[in-house]
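Structure first, then comments.
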Number of protein chains: 4
Amino acid sequence: MSGTWGEYLTLSIFGESHGKCVGIVINGLGAGFELDLDFINKELQRRRPGLAELYSSTRQEKDEFEILSGYFNHRTTGAPLTCVIWNQDPKSEDYDEIKGIIRPGHADYTAKIKYSGFNDYRGGGHFSGRLTAPLVLAGAIAKQILQIRNVTIGSHILSIGEIKGESFNPVQIEPNILQQLTEQKFPTLDQELATVMKEKLAKVRKEQDSVGGVVETAIVGLPAGLGSPFFDSMESKLAHLLFSIPAVKGVEFGAGFAITQMQGSEANDEFALHGDRVVTVTNHSGGIQGGITNGMPVLFRTAFKPTPSIAKNQKTVDLEKMEELEISIKGRHDVCIVPRAVPVVEAVAAIAVLDLMLEKDGNEWIK
Amino acid sequence: MSGTWGEYLTLSIFGESHGKCVGIVINGLGAGFELDLDFINKELQRRRPGLAELYSSTRQEKDEFEILSGYFNHRTTGAPLTCVIWNQDPKSEDYDEIKGIIRPGHADYTAKIKYSGFNDYRGGGHFSGRLTAPLVLAGAIAKQILQIRNVTIGSHILSIGEIKGESFNPVQIEPNILQQLTEQKFPTLDQELATVMKEKLAKVRKEQDSVGGVVETAIVGLPAGLGSPFFDSMESKLAHLLFSIPAVKGVEFGAGFAITQMQGSEANDEFALHGDRVVTVTNHSGGIQGGITNGMPVLFRTAFKPTPSIAKNQKTVDLEKMEELEISIKGRHDVCIVPRAVPVVEAVAAIAVLDLMLEKDGNEWIK
Amino acid sequence: MSGTWGEYLTLSIFGESHGKCVGIVINGLGAGFELDLDFINKELQRRRPGLAELYSSTRQEKDEFEILSGYFNHRTTGAPLTCVIWNQDPKSEDYDEIKGIIRPGHADYTAKIKYSGFNDYRGGGHFSGRLTAPLVLAGAIAKQILQIRNVTIGSHILSIGEIKGESFNPVQIEPNILQQLTEQKFPTLDQELATVMKEKLAKVRKEQDSVGGVVETAIVGLPAGLGSPFFDSMESKLAHLLFSIPAVKGVEFGAGFAITQMQGSEANDEFALHGDRVVTVTNHSGGIQGGITNGMPVLFRTAFKPTPSIAKNQKTVDLEKMEELEISIKGRHDVCIVPRAVPVVEAVAAIAVLDLMLEKDGNEWIK
Amino acid sequence: MSGTWGEYLTLSIFGESHGKCVGIVINGLGAGFELDLDFINKELQRRRPGLAELYSSTRQEKDEFEILSGYFNHRTTGAPLTCVIWNQDPKSEDYDEIKGIIRPGHADYTAKIKYSGFNDYRGGGHFSGRLTAPLVLAGAIAKQILQIRNVTIGSHILSIGEIKGESFNPVQIEPNILQQLTEQKFPTLDQELATVMKEKLAKVRKEQDSVGGVVETAIVGLPAGLGSPFFDSMESKLAHLLFSIPAVKGVEFGAGFAITQMQGSEANDEFALHGDRVVTVTNHSGGIQGGITNGMPVLFRTAFKPTPSIAKNQKTVDLEKMEELEISIKGRHDVCIVPRAVPVVEAVAAIAVLDLMLEKDGNEWIK
């Protein structure tokens with residue numbers, strides 16, 4: 001099933017870009033947890049288009065959410081929690097004119113084949129990046145619950161195009177640094193880097209083109225012992241959700257692809273004692289061994305392709321006329337989705353971690 | 001649950017490295033499918049240790065499998081198919097001496113924490129790479145069934161350490177080339193490259209060290225329309241299983257991390273018509289858009305870390321005495337698991353694809 | 001998770017009696033199926049309170065549904081279909097006065113324990129019979145899809161209290177009879193019986209009491225071969241959903257509990273040939289053997305307890321004061337929920353059957 | 001999938017009556033739980049044929065089990081626990097002669113249709129009652145774990161044919177009474193009743209016929225708060241598994257079908273205080289309200305049809321020749337499966353309860 005996920009925390013996502021709304025049903029949150037609605041809104045604002053004049057779409061959506069069920073007297077009730085974000089500014093006519101034409105890099109063609117042409121094609125329909133808003137919403141709730149356990153998640157933009165910054169120090173990441181990153185619209189570890197990246201984005205925008213990038217994420221405060229070997233490995237859980245985010249084409253943990261160029265004597269994270277605590281001296285494994293957390297920061301990087309909608313001319317096919325043609329995508333589009341993808345990555349990370357925590361501890365601790 | 005996977009094709013994996021056996025229960029295969037047992041054996045032999053004197057463990061396991069259920073008169077019966085591979089050559093004493101000591105790069109520590117010290121620690125127990133044998137077995141059956149639909153899966157070793165070859169031509173991959181690759185013990189697209197890689201392995205072995213590498217895999221013959229947006233995307237399904245393979249630290253599709261350095265005008269795969277067929281001119285997306293196959297080859301790369309067991313001295317901790325010490329891992333170990341990992345990667349790819357095919361078409365076509 | 005169900009067809013139910021709405025997300029319906037909205041409304045009207053002056057609650061709810069997603073140009077899109085029914089007439093004050101008091105026969109006490117008192121207690125909250133409206137809605141869609149395969153589902157009220165009618169003829173049930181039953185507000189096989197039953201209901205109402213009853217349901221037109229041994233038996237699938245309906249306390253298939261008093265020579269359904277067709281001469285098994293349909297009508301009976309809300313005085317406990325007391329439940333309540341339960345039973349039957357059909361045949365046939 | 005069940009505790013069942021073995025893989029048991037193998041054997045002996053000369057099959061199977069994985073140093077390891085029971089006394093030739101002929105009351109016909117004739121038909125194959133042995137095995141482990149929480153499960157034979165005993169006192173069931181019942185080969189609440197029932201069985205055996213009956217089961221010591229509204233109701237969980245047991249045709253909770261003849265004022269279980277404890281004065285609901293346990297005994301009855309294999313002549317069809325004929329089933333068969341079904345019913349009850357307990361509390365408490 002495309003729309004449901006999870007074993008202990010379950011999600012059921014729905015909606016379309018230009019339909020009535022996007023939304024999500026969440027099961028397994030436990031009862032009596034007081035939701036910080038401002039925090040949810042803040043997380044949604046991080047993902048929202050139209051804020052960052054330079055690099056983002058100018059579609060105006062307030063992204064205000066409404067809780068339809070599972071919430072009473074400011075707390076979760078234990079019943080399924082349903083949230084929707086109503087669509088306010090859909091300009092469907094932008095899409096009607098290109099109805100028969102499949103946009104390169106988009107799901108227009110594959111959706112048409114899979115759904116025999118019956119899919120809602122307006123603005124990408126159910127395939128739209130707008131569907132990540134309910135993920136951010138669910139993630140914002142998961143993040144709040146994880147705070148009970150002092151788990152903090154944060155990310156920075158590691159690269160935009162060929163402009164690349166430094167990685168987190170894998171063995172030492174302060175929660176408050178992660179926290180500060182989540183408060184930046186364009187989170188980087190280095191402010192100069194941000195300036196260079198934004199110049200790059202401005203340049204790409206002028207070229208009527210788009211560009212991709214990499215988000216690096218850390219989860220700190222995790223206990224050792226979360227996850228399982230094989231099918232519920234921490235990596236499997238996280239990667240499953242990360243690859244559900246539109247535009248993600250790669251995921252790596254710890255040293256990732258670079259570990260393949262190491263020898264074992266370098267790649268292995270040696271163990272040491274910090275007082276009574278077992279730590280690793282390096283963290284090439286990204287805090288996970290045998291699919292299970294070891295108590296060190298969990299680290300991963302997520303690769304996003306360039307926004308497929310570009311004004312530059314591209315060759316494609318009109319499926320109705322079955323002829324080749326050129327198109328230029330009009331409308332409101334991000335030069336680069338990476339800044340807006342940051343909270344989405346963090347959200348699904350929070351969801352995956354909470355699911356594994358519920359497996360281990362049940363849900364009685366959530367109050 | 002760590003040990004079960006799948007919605008339409010379900011797997012239940014079990015066993016330990018030095019226990020009685022490793023095995024798997026498979027549901028959803030349909031009835032009346034004639035199993036080619038020789039093919040299953042051939043696939044198991046590809047993964048088996050002890051064959052490749054240079055780069056592999058010398059543990060002697062015939063890896064002969066026994067079907068315990070679901071098989072009658074040479075065909076699947078529709079009931080759960082259970083296979084086991086009995087362990088024949090476990091040398092548990094190798095491990096008894098280091099019982100309290102956690103090996104760097106292994107799951108010894110995380111398993112001990114998660115299972116409160118009750119896990120079977122011998123040879124990695126349930127975390128052992130030996131558990132990939134039942135995955136290969138299930139994959140061999142899935143591959144046979146996929147042949148009904150002319151789907152072919154093949155891989156080559158893209159890199160060993162810093163030695164790196166060329167990728168597949170992403171828009172044009174002949175099934176028979178893939179087929180030939182599966183018949184090579186050390187599959188590379190270029191025979192000279194194989195020589196250089198093997199020299200590298202010999203050198204690393206002399207250094208009592210190990211090394212990682214990258215496997216590149218192609219799936220051809222897939223219809224357009226497999227997979228779904230969000231949680232059952234082709235990428236999510238594949239990545240979930242790939243990250244369940246021990247030692248995998250990265251997965252990328254199509255151009256993968258490199259796509260982040262492209263601009264949209266390059267990254268987007270333009271569409272064209274080949275007669276009546278819609279194709280893409282490039283294949284940076286790896287044959288998947290919106291989580292759904294587009295009929296082009298599905299391409300992905302899987303990063304394996306170096307074998308963690310090395311004879312070189314490493315610092316670690318004895319959890320029983322709670323003191324730091326140095327260890328050298330004795331025993332039979334691979335210098336590099338990449339060659340043996342190739343059939344495992346292909347196996348889980350076949351499993352993921354068959355699961356999505358069963359979703360779409362049910363299982364009546366399997367005969 | 002309480003709120004999700006299904007493997008091939010998945011449901012995610014949500015909402016509360018006195019919250020904003022009740023609703024459901026449905027995955028797996030396939031794309032391009034034209035929904036008959038009038039039929040959905042008709043099914044919802046069958047379940048709706050306030051219609052049958054005699055025996056039903058007088059709560060005024062129009063039960064008009066709104067489709068939020070997955071529907072475009074009058075057809076399913078293949079994306080998750082979400083429907084809500086907005087609450088219009090909640091009188092929460094009826095419930096506020098008894099907030100601390102647990103009503104006998106209701107889930108007030110168990111909900112309070114499970115959710116630590118954080119559940120929405122108004123009108124039963126998420127436990128309300130009102131949550132069966134989205135089940136009827138999903139079932140109405142499933143019924144339409146099953147019509148493609150000529151599967152018909154219908155029910156009659158077999159008993160109200162001690163007033164009991166005749167069962168279906170288990171070997172011969174005409175689809176059009178089932179069809180006609182679905183068009184009756186008070187479906188019985190015998191009109192005189194209906195009169196007697198209604199007199200009973202009038203009498204019980206005068207006594208400020210309530211009464212239970214049994215619904216008998218038939219599914220005809222099913223192909224042989226649906227269902228599986230063990231965990232996906234047709235009985236397991238149906239019973240799982242039937243026991244999810246509030247107030248159900250028993251389910252039996254075919255001869256049910258009465259079969260325990262037969263000897264094998266009577267209970268076994270002998271086979272015969274009708275031309276080329278294999279039939280059974282009797283149908284004590286209810287059309288299911290080994291968990292799989294045999295092509296005969298599937299027959300089952302569902303036992304409903306009396307409506308727990310009664311005006312008669314009952315002893316109970318005030319959990320806040322921890323003292324015993326007597327209550328009389330005011331408000332709008334059914335004398336007997338059986339007539340309104342009929343479409344609910346049929347709905348979950350349709351859902352279970354469609355799920356098993358999707359397993360067997362995939363979803364490409366739904367257009 | 002037919003062969004897997006469960007969300008928190010998962011089962012994967014496999015095997016055939018006349019194949020190599022029957023078995024089960026269990027996930028979710030937690031690590032470090034010391035298994036009482038004698039208890040498992042004792043439970044298996046309760047289900048074993050050949051013990052009760054009068055009413056049971058004389059097939060000689062020792063039903064000795066072997067643990068293949070997940071068990072080390074007498075304790076669960078946290079990895080999947082796999083057990084098999086090897087088949088020792090299959091007389092397949094008994095079945096070969098009737099290969100083309102479908103036995104009334106058996107799954108021969110439905111299996112043939114579903115699996116296109118490729119199923120293992122010998123002795124019922126995967127549909128055999130022998131598959132309940134692994135369920136008993138898994139249940140025996142679940143029972144042991146539930147003892148940590150002082151949960152006790154026991155049953156008695158309520159009826160055989162028309163011979164019917166008294167029910168449990170629904171509000172007061174002593175754990176030691178339940179315990180004693182599990183130690184009787186023919187558990188009844190009244191020893192005279194047992195004598196009459198056995199005379200009935202002797203009479204039916206002489207008639208070359210068989211007979212059904214009802215098992216009544218109680219679960220005591222359950223905390224209030226287990227289960228959920230809707231799809232994970234305690235009733236849904238239990239009924240799903242109970243209807244997976246071959247030959248079950250009805251399941252009812254508490255007063256069951258009889259509650260339909262009560263009025264609400266009688267059916268509602270009034271609440272009272274026993275000191276600080278909230279209890280119900282009656283227990284018509286069977287200890288469950290809104291799908292959730294209320295702390296009173298959980299009570300249910302399971303209806304078993306007569307053994308379908310009888311020596312008496314029955315009409316049926318030869319599917320190969322497509323002609324009608326008469327058969328008399330030779331071989332070793334139970335006159336009545338009810339006595340042997342008792343431990344199976346208890347086993348699945350233990351499994352369902354443990355699954356819901358794992359949902360609530362995680363699995364860290366299992367040691």
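By order in the structure tokens, chains are A, B, ...; within a chain, residues start at 1; ligands start at 1, following the order shown.
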Worksheet entry | range 72-80 of chain D surroundings by only C-alpha atoms, 6 Å radius, close-in-sequence under 6 positions cut, as an NGL selection string | (:B and (14 or 118-120)) or (:D and (26-27 or 30-35))
Discussion item. According to DSSP computed on the backbone, where in range 137-323 of chain C is there helix (DSSP H, G or I)? Give the residues as an NGL selection string.
Written reply: :C and (137-148 or 175-182 or 191-206 or 230-232 or 234-242 or 256-261 or 264-267)
Practice prompt. Compile the contact shell of range 4-6 of chain D as number ranges by chain: residues with an atom at most 9 Å away, counting only C-alpha atoms, same-chain residues fewer than 6 positions apart removed.
Written response: B: 4, 10, 12, 27; C: 230-232; D: 12-13, 241, 351-352, 355
Could you write those residues out with C-alpha atoms, as a tab-separated table (two decimals), in the first residue's frame?
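Listing of out.tsv after writing:
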```tsv
chain	number	residue	atom	x	y	z
B	4	THR	CA	9.77	-10.65	9.07
B	10	THR	CA	6.61	-12.26	3.07
B	12	SER	CA	10.58	-14.82	7.95
B	27	ASN	CA	4.81	-16.88	1.89
C	230	PHE	CA	-4.82	-20.43	9.04
C	231	PHE	CA	-4.30	-16.75	9.56
C	232	ASP	CA	-6.03	-15.45	6.46
D	12	SER	CA	5.13	-17.74	10.79
D	13	ILE	CA	3.65	-21.25	10.59
D	241	LEU	CA	-6.78	-16.71	15.73
D	351	ILE	CA	-0.65	-15.68	21.86
D	352	ALA	CA	-3.30	-13.01	21.34
D	355	ASP	CA	0.64	-9.65	21.52
```
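Between CA of Ile245 in chain A and CA of Ala194 in chain A the separation is 23.8 Å.
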Discussion item. Set the distance at 8 Å and use only C-alpha atoms: which residues neighbour Leu238 in chain B once local chain neighbours fewer than 3 positions away are removed? I'd like the list as an NGL selection string.
Written reply: :B and (234-235 or 241-242 or 348-349 or 352)
Worksheet item: Could you name the residues that touch range 309-311 of chain D at 8 Å or less, counting only C-alpha atoms, but leaving out those on the same chain fewer than 5 positions away, as a PyMOL selection string?
Response: (chain C and resi 264-265) or (chain D and resi 103+105-106+208-210+328-330+333)
Item to complete: Hey, list the chain B side of the contact with chain A: 6 Å cut-off, only C-alpha atoms, answer as a count of residues only.
Response: 54
Practice prompt. Mind listing the strand (DSSP E) residues of range 16-226 of chain A, per DSSP on the backbone, as JSON, numbers by chain?
Written response: {"A": [21, 22, 23, 24, 25, 26, 27, 31, 32, 33, 34, 65, 66, 67, 68, 69, 71, 72, 75, 76, 77, 81, 82, 83, 84, 85, 86, 152, 153, 154, 155, 156, 157, 158, 159, 160, 163, 164, 213, 214, 215, 216, 217, 218, 219, 220]}
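The neighbours of Gly23 in chain C here are the residues that come within 9 Å of it, using only C-alpha atoms and leaving out any residue fewer than 4 positions away in the same chain; they are Ser12, Ile13, Phe14, Gly15, Phe65, Thr82, Cys83, Val84, Ile85, Trp86, Leu131, Ala133, Pro134, Leu135 and Leu137 of chain C.
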